[in-house]
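Engineer: Sending over a structure as structure tokens; questions will come in a sec.
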Amino acid sequence: MDKEEKPQTSPHVLIFPLPTQGNVNSMLKLAELLALAGLNLTFLNSDFIHEQLVTPMLFPDSSNMWDSNSGLYRMVSRTGIPEQPRVDCIIADGGLGIAVDVAEEVGIPVIQFRAISACCIWAFYAVPNMIQAGELPIKGKEDMDRLITNIPGMETFLRCRDLPSFCRVMDSTLQRTAKDARKNFHGHGLVLNTFEDLEGDTLSHMRTKSPNIYTVGPLHLHLRTRLFDSNRTLFNQSSNNVHEVDRSCLSWLDKQPKGSVVYVSFGSIAVLSSEQVFEFWFGLVNSGKRFLWVLRPGIMPEKGDEGNNIPVELIKGTKERGCIVSWAPQEEVLGHGAIGGFLTHSGSNSTLESVVEGVPMICWPYFADQQINSRFVSQVWGLGLDMKDLCDRHIVEKMVNDLMVERRDEFLKSATKMAKLAGQCVNVGGSSYCNLDRLVEDIKSMNI
Ligand code: UDP
């Protein structure tokens with residue numbers, strides 16, 4: 001048979017995300033990159049998440065099949081064979097310890113993926129050492145400023161208050177997190193949505209425990225770049241969203257002066273009390289700066305989930321210099337010239353999206369990895385300020401002024417530099433670009 005006529009067998013990869021919005025989104029981006037590289041993928045998704053996605057556009061250049069009986073989403077590259085049943089490799093979310101156990105049990109090579117920052121994974125990895133050394137659990141409010149000394153590389157700046165709240169009590173969450181973090185270093189490798197110039201120091205510590213780490217982020221920029229380079233459909237900002245995107249804020253931004261607007265968003269999970277919302281609101285209004293604020297339905301659970309729960313006085317009082325929407329096209333917003341700063345909950349995606357666009361941040365971390373991320377933003381990367389657990393209108397006002405005026409040049413300089421490095425790492429020859437190619441080659445070598 002002519003070589004050209006032979007069907008080429010691509011490896012078949014089963015992608016197993018943790019069924020939460022942020023994790024599914026990050027893994028969809030990874031899946032799309034792998035599909036572009038010609039791998040056959042089956043994406044395991046729950047009906048719950050699948051039904052929520054506003055998702056007509058997925059995986060260009062591949063055929064997509066959703067099987068509602070099995071809950072499996074199948075992507076087949078043009079060179080692939082749809083019937084291929086054998087799974088050559090599982091890419092499992094490392095937050096799902098059980099997926100890793102099952103893969104190991106059935107003898108399929110497993111590569112883990114984590115959507116959270118490397119600094120957070122490394123801190124979680126050190127939890128057993130911290131417990132053994134008596135550093136955890138944290139002993140109360142008076143203990144919050146104590147430095148943690150058992151996370152290699154973070155001894156000089158990471159305080160108890162920079163750890164997630166579940167570190168405050170010795171319960172099953174703490175124990176499970178520690179166990180899962182250790183498990184992330186098993187298997188054939190660990191894929192991370194970060195890049196070497198951002199987290200190189202932490203990564204070098206991690207590599208002493210797990211040499212096969214593939215940093216392929218920032219995934220959204222990497223995907224955008226590879227799609228563009230291969231002349232494929234440019235990414236669709238509104239796909240994979242759980243909420244209807246309100247694009248009217250982009251026309252509002254068009255009318256604002258360059259770098260004048262603070263973008264405020266606390267992601268898809270964080271909830272606030274109405275007191276906290278008002279503290280932020282007064283702080284923003286009193287700062288005299290313009291702001292675009294995402295207040296998604298349900299962000300204040302005490303007000304109920306139905307309809308628009310934003311207090312009328314807040315909407316009325318915002319009109320002069322502000323704009324409130326229920327969900328924004330965040331990547332586009334952060335890339336808009338009118339944005340000068342981002343008041344964020346320090347979610348890993350939001351942090352990376354801000355880094356990519358060179359936008360300095362004020363961090364108000366909510367949970368999980370966010371407390372550590374915000375410490376790195378302020379102390380290690382010099383990209384902004386960390387409000388931590390304070391929520392007070394005077395502090396908000398001061399931080400907005402520091403970010404937008406007093407220390408603007410300093411933060412903008414670091415943010416611009418980091419954005420440039422992020423761009424370089426996903427371009428041909430960059431670290432994330434090369435790591436993705438290495439990942440694809442390593443997966444292909446499992447299919448011989
Ligand atoms: N996001 C968005 N529009 C909004 C608010 C958030 O598109 O109005 C997106 C944002 O771009 C990011 C994700 O929602 O990709 C939030 O993820 P992150 O990891 O920052 O926080 P989480 O929602 O997991 O707490």
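Starting from 1 in every chain, residues are counted up; chains themselves are A, B, ... following the order of the structure tokens, and ligands are numbered from 1 as listed.
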Enumerate, in order of chain and increasing residue number, the residues of chain A with an atom no farther than 6 Å from ligand 1, each with its shortest atom pair and distance in Å to one decimal, counting only C-alpha atoms and all ligand atoms, as a tab-separated table.
Structural biologist:
residue	atom	partner	partner_atom_place_in_ligand_line	distance
A:Gly22	CA	ligand 1	24 (O)	4.5
A:Ser265	CA	ligand 1	5 (C)	5.8
A:Gly267	CA	ligand 1	23 (O)	3.8
A:Ser268	CA	ligand 1	23 (O)	3.5
A:Ile269	CA	ligand 1	25 (O)	4.8
A:Val294	CA	ligand 1	8 (O)	5.3
A:Trp327	CA	ligand 1	8 (O)	3.6
A:Ala328	CA	ligand 1	8 (O)	3.7
A:Pro329	CA	ligand 1	7 (O)	4.9
A:Gln330	CA	ligand 1	7 (O)	4.4
A:Glu331	CA	ligand 1	11 (O)	5.5
A:Gly347	CA	ligand 1	20 (O)	3.5
A:Ser348	CA	ligand 1	19 (O)	4.3
A:Asn349	CA	ligand 1	19 (O)	3.7
A:Ser350	CA	ligand 1	20 (O)	3.6
Engineer: Just the residues within 12 Å of Ser374 in chain A, please, counting only C-alpha atoms, with nothing from its chain fewer than 2 positions along; format it as number ranges by chain.
Structural biologist: A: 117, 119-120, 158-159, 161-164, 343-348, 350-352, 360-372, 376-389
Engineer: Output N, CA and C atoms for every residue in that selection, as a compact mmCIF listing (two decimals), in the first residue's frame.
Structural biologist:
# COMPACT_ATOMS: atom_id res chain seq x y z
N SER A 117 -1.64 27.48 40.21
CA SER A 117 -0.25 27.92 40.04
C SER A 117 0.73 26.89 40.61
N CYS A 119 3.30 27.66 42.38
CA CYS A 119 3.64 28.03 43.77
C CYS A 119 2.64 27.41 44.74
N CYS A 120 1.40 27.30 44.33
CA CYS A 120 0.40 26.73 45.20
C CYS A 120 0.58 25.21 45.32
N LEU A 158 6.55 34.02 52.79
CA LEU A 158 5.20 33.45 52.88
C LEU A 158 4.76 33.33 54.33
N ARG A 159 3.67 34.03 54.66
CA ARG A 159 3.16 34.05 56.04
C ARG A 159 1.97 33.10 56.16
N ARG A 161 -0.94 33.90 56.88
CA ARG A 161 -2.13 34.48 56.24
C ARG A 161 -2.13 34.30 54.72
N ASP A 162 -0.99 33.85 54.19
CA ASP A 162 -0.92 33.62 52.75
C ASP A 162 -1.29 32.18 52.37
N LEU A 163 -1.66 31.40 53.36
CA LEU A 163 -2.10 30.03 53.08
C LEU A 163 -3.63 29.98 53.06
N PRO A 164 -4.20 29.02 52.34
CA PRO A 164 -5.67 28.93 52.30
C PRO A 164 -6.26 28.69 53.68
N LEU A 343 -8.93 44.81 39.95
CA LEU A 343 -9.22 44.40 41.33
C LEU A 343 -9.79 42.99 41.23
N THR A 344 -9.00 42.00 41.67
CA THR A 344 -9.33 40.60 41.39
C THR A 344 -9.28 39.73 42.64
N HIS A 345 -9.94 38.58 42.54
CA HIS A 345 -9.89 37.61 43.65
C HIS A 345 -8.68 36.69 43.52
N SER A 346 -7.82 36.96 42.53
CA SER A 346 -6.58 36.18 42.33
C SER A 346 -6.80 34.73 41.95
N GLY A 347 -7.89 34.44 41.26
CA GLY A 347 -8.06 33.11 40.67
C GLY A 347 -6.93 32.88 39.68
N SER A 348 -6.57 31.62 39.48
CA SER A 348 -5.40 31.38 38.64
C SER A 348 -5.62 31.86 37.20
N SER A 350 -7.73 34.30 36.16
CA SER A 350 -7.76 35.76 36.14
C SER A 350 -6.34 36.33 36.27
N THR A 351 -5.55 35.73 37.14
CA THR A 351 -4.18 36.22 37.34
C THR A 351 -3.39 36.10 36.04
N LEU A 352 -3.48 34.94 35.39
CA LEU A 352 -2.73 34.76 34.14
C LEU A 352 -3.24 35.69 33.04
N PRO A 360 -1.65 45.70 35.94
CA PRO A 360 -1.35 45.55 37.37
C PRO A 360 -2.61 45.22 38.18
N MET A 361 -2.41 44.56 39.33
CA MET A 361 -3.55 44.03 40.09
C MET A 361 -3.63 44.52 41.53
N ILE A 362 -4.86 44.62 42.03
CA ILE A 362 -5.10 44.67 43.47
C ILE A 362 -5.77 43.34 43.79
N CYS A 363 -5.23 42.62 44.75
CA CYS A 363 -5.73 41.27 45.01
C CYS A 363 -6.56 41.22 46.28
N TRP A 364 -7.72 40.60 46.14
CA TRP A 364 -8.57 40.31 47.31
C TRP A 364 -8.89 38.83 47.24
N PRO A 365 -7.95 37.98 47.68
CA PRO A 365 -8.12 36.53 47.50
C PRO A 365 -9.27 35.98 48.31
N TYR A 366 -9.90 34.98 47.74
CA TYR A 366 -11.09 34.41 48.36
C TYR A 366 -10.80 33.05 48.99
N PHE A 367 -10.28 32.10 48.21
CA PHE A 367 -10.01 30.78 48.80
C PHE A 367 -8.99 29.98 47.97
N ALA A 368 -8.72 28.76 48.45
CA ALA A 368 -7.84 27.80 47.77
C ALA A 368 -6.47 28.41 47.43
N ASP A 369 -6.12 28.39 46.13
CA ASP A 369 -4.79 28.87 45.73
C ASP A 369 -4.66 30.39 45.76
N GLN A 370 -5.79 31.09 45.93
CA GLN A 370 -5.78 32.54 45.71
C GLN A 370 -4.94 33.32 46.72
N GLN A 371 -4.91 32.85 47.97
CA GLN A 371 -4.11 33.54 48.99
C GLN A 371 -2.62 33.51 48.64
N ILE A 372 -2.17 32.39 48.11
CA ILE A 372 -0.75 32.28 47.73
C ILE A 372 -0.49 33.10 46.47
N PHE A 376 2.32 36.19 45.80
CA PHE A 376 3.32 36.21 44.72
C PHE A 376 3.15 37.46 43.85
N VAL A 377 1.90 37.82 43.58
CA VAL A 377 1.66 39.03 42.76
C VAL A 377 2.34 40.23 43.40
N SER A 378 2.17 40.37 44.72
CA SER A 378 2.69 41.58 45.37
C SER A 378 4.17 41.47 45.76
N GLN A 379 4.57 40.32 46.32
CA GLN A 379 5.93 40.26 46.88
C GLN A 379 6.99 39.72 45.94
N VAL A 380 6.57 38.84 45.03
CA VAL A 380 7.59 38.17 44.20
C VAL A 380 7.62 38.79 42.80
N TRP A 381 6.46 38.97 42.20
CA TRP A 381 6.42 39.44 40.81
C TRP A 381 6.32 40.97 40.72
N GLY A 382 5.99 41.61 41.81
CA GLY A 382 5.89 43.08 41.79
C GLY A 382 4.82 43.58 40.84
N LEU A 383 3.71 42.83 40.74
CA LEU A 383 2.68 43.21 39.76
C LEU A 383 1.48 43.91 40.38
N GLY A 384 1.57 44.21 41.68
CA GLY A 384 0.43 44.90 42.28
C GLY A 384 0.43 44.81 43.79
N LEU A 385 -0.77 44.97 44.34
CA LEU A 385 -0.93 45.07 45.80
C LEU A 385 -1.82 43.94 46.30
N ASP A 386 -1.59 43.53 47.53
CA ASP A 386 -2.35 42.43 48.12
C ASP A 386 -3.18 42.93 49.29
N MET A 387 -4.49 42.95 49.11
CA MET A 387 -5.39 43.45 50.17
C MET A 387 -5.65 42.36 51.21
N LYS A 388 -5.37 41.13 50.77
CA LYS A 388 -5.59 39.94 51.61
C LYS A 388 -7.01 39.90 52.14
N ASP A 389 -7.18 39.65 53.46
CA ASP A 389 -8.56 39.46 53.94
C ASP A 389 -9.22 40.75 54.42
Engineer: Using backbone DSSP assignments, extract all strand (DSSP E) residues from range 124-304 of chain A; output them as a ChimeraX atom specification.
Structural biologist: /A:189-192,213-215,261-265,290-294
Engineer: For each of A:Phe291, A:Phe43, A:Phe124, A:Phe411, take the minimum atom-to-atom distance to Lys29 in chain A, counting only C-alpha atoms, then give the residue where this is smallest.
Structural biologist: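 With only C-alpha atoms as the atom set, the closest residue is A:Phe43.
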Engineer: Need the shell around range 86-103 of chain A: protein/DNA/RNA residues with any atom at most 7 Å away, counting only C-alpha atoms. Skip same-chain ones fewer than 3 positions apart. Format as a ChimeraX atom specification?
Structural biologist: /A:11-18,106-114,180,184,443,446-447
Engineer: Could you jot down the CA of Lys398 in chain A to CA of Gly283 in chain A separation for me, Å, one decimal place?
Structural biologist: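 So the answer is 8.0 Å.
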Engineer: Can you pull out the residues contacting Met170 in chain A? Cut-off 10 Å, using only C-alpha atoms, and skip same-chain residues under 2 positions away; I want them as a PyMOL selection string.
Structural biologist: chain A and resi 131+136-138+166-168+172-175
Engineer: Report, in Å with one decimal, the straight-line distance from CA of Val285 in chain A to CA of Ile315 in chain A.
Structural biologist: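 For CA of Val285 in chain A relative to CA of Ile315 in chain A, the distance reads 11.8 Å.
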Engineer: Excluding range 151-156 of chain A and any residue of its chain fewer than 2 positions from it, enumerate the residues within 9 Å of it, using only C-alpha atoms, and give them as a VMD selection string.
Structural biologist: chain A and resid 119 122 to 127 129 to 130 147 to 149 158 to 159 201 to 202 205
Engineer: Between A:Ser326, A:Val264, A:Glu332, A:Pro211, which has the minimum distance to Ser251 in chain A (counting only C-alpha atoms)?
Structural biologist: A:Glu332
Engineer: Quick one: residues within 10 Å of Trp252 in chain A, only C-alpha atoms, excluding same-chain residues fewer than 6 positions away - as a count of residues only?
Structural biologist: 4
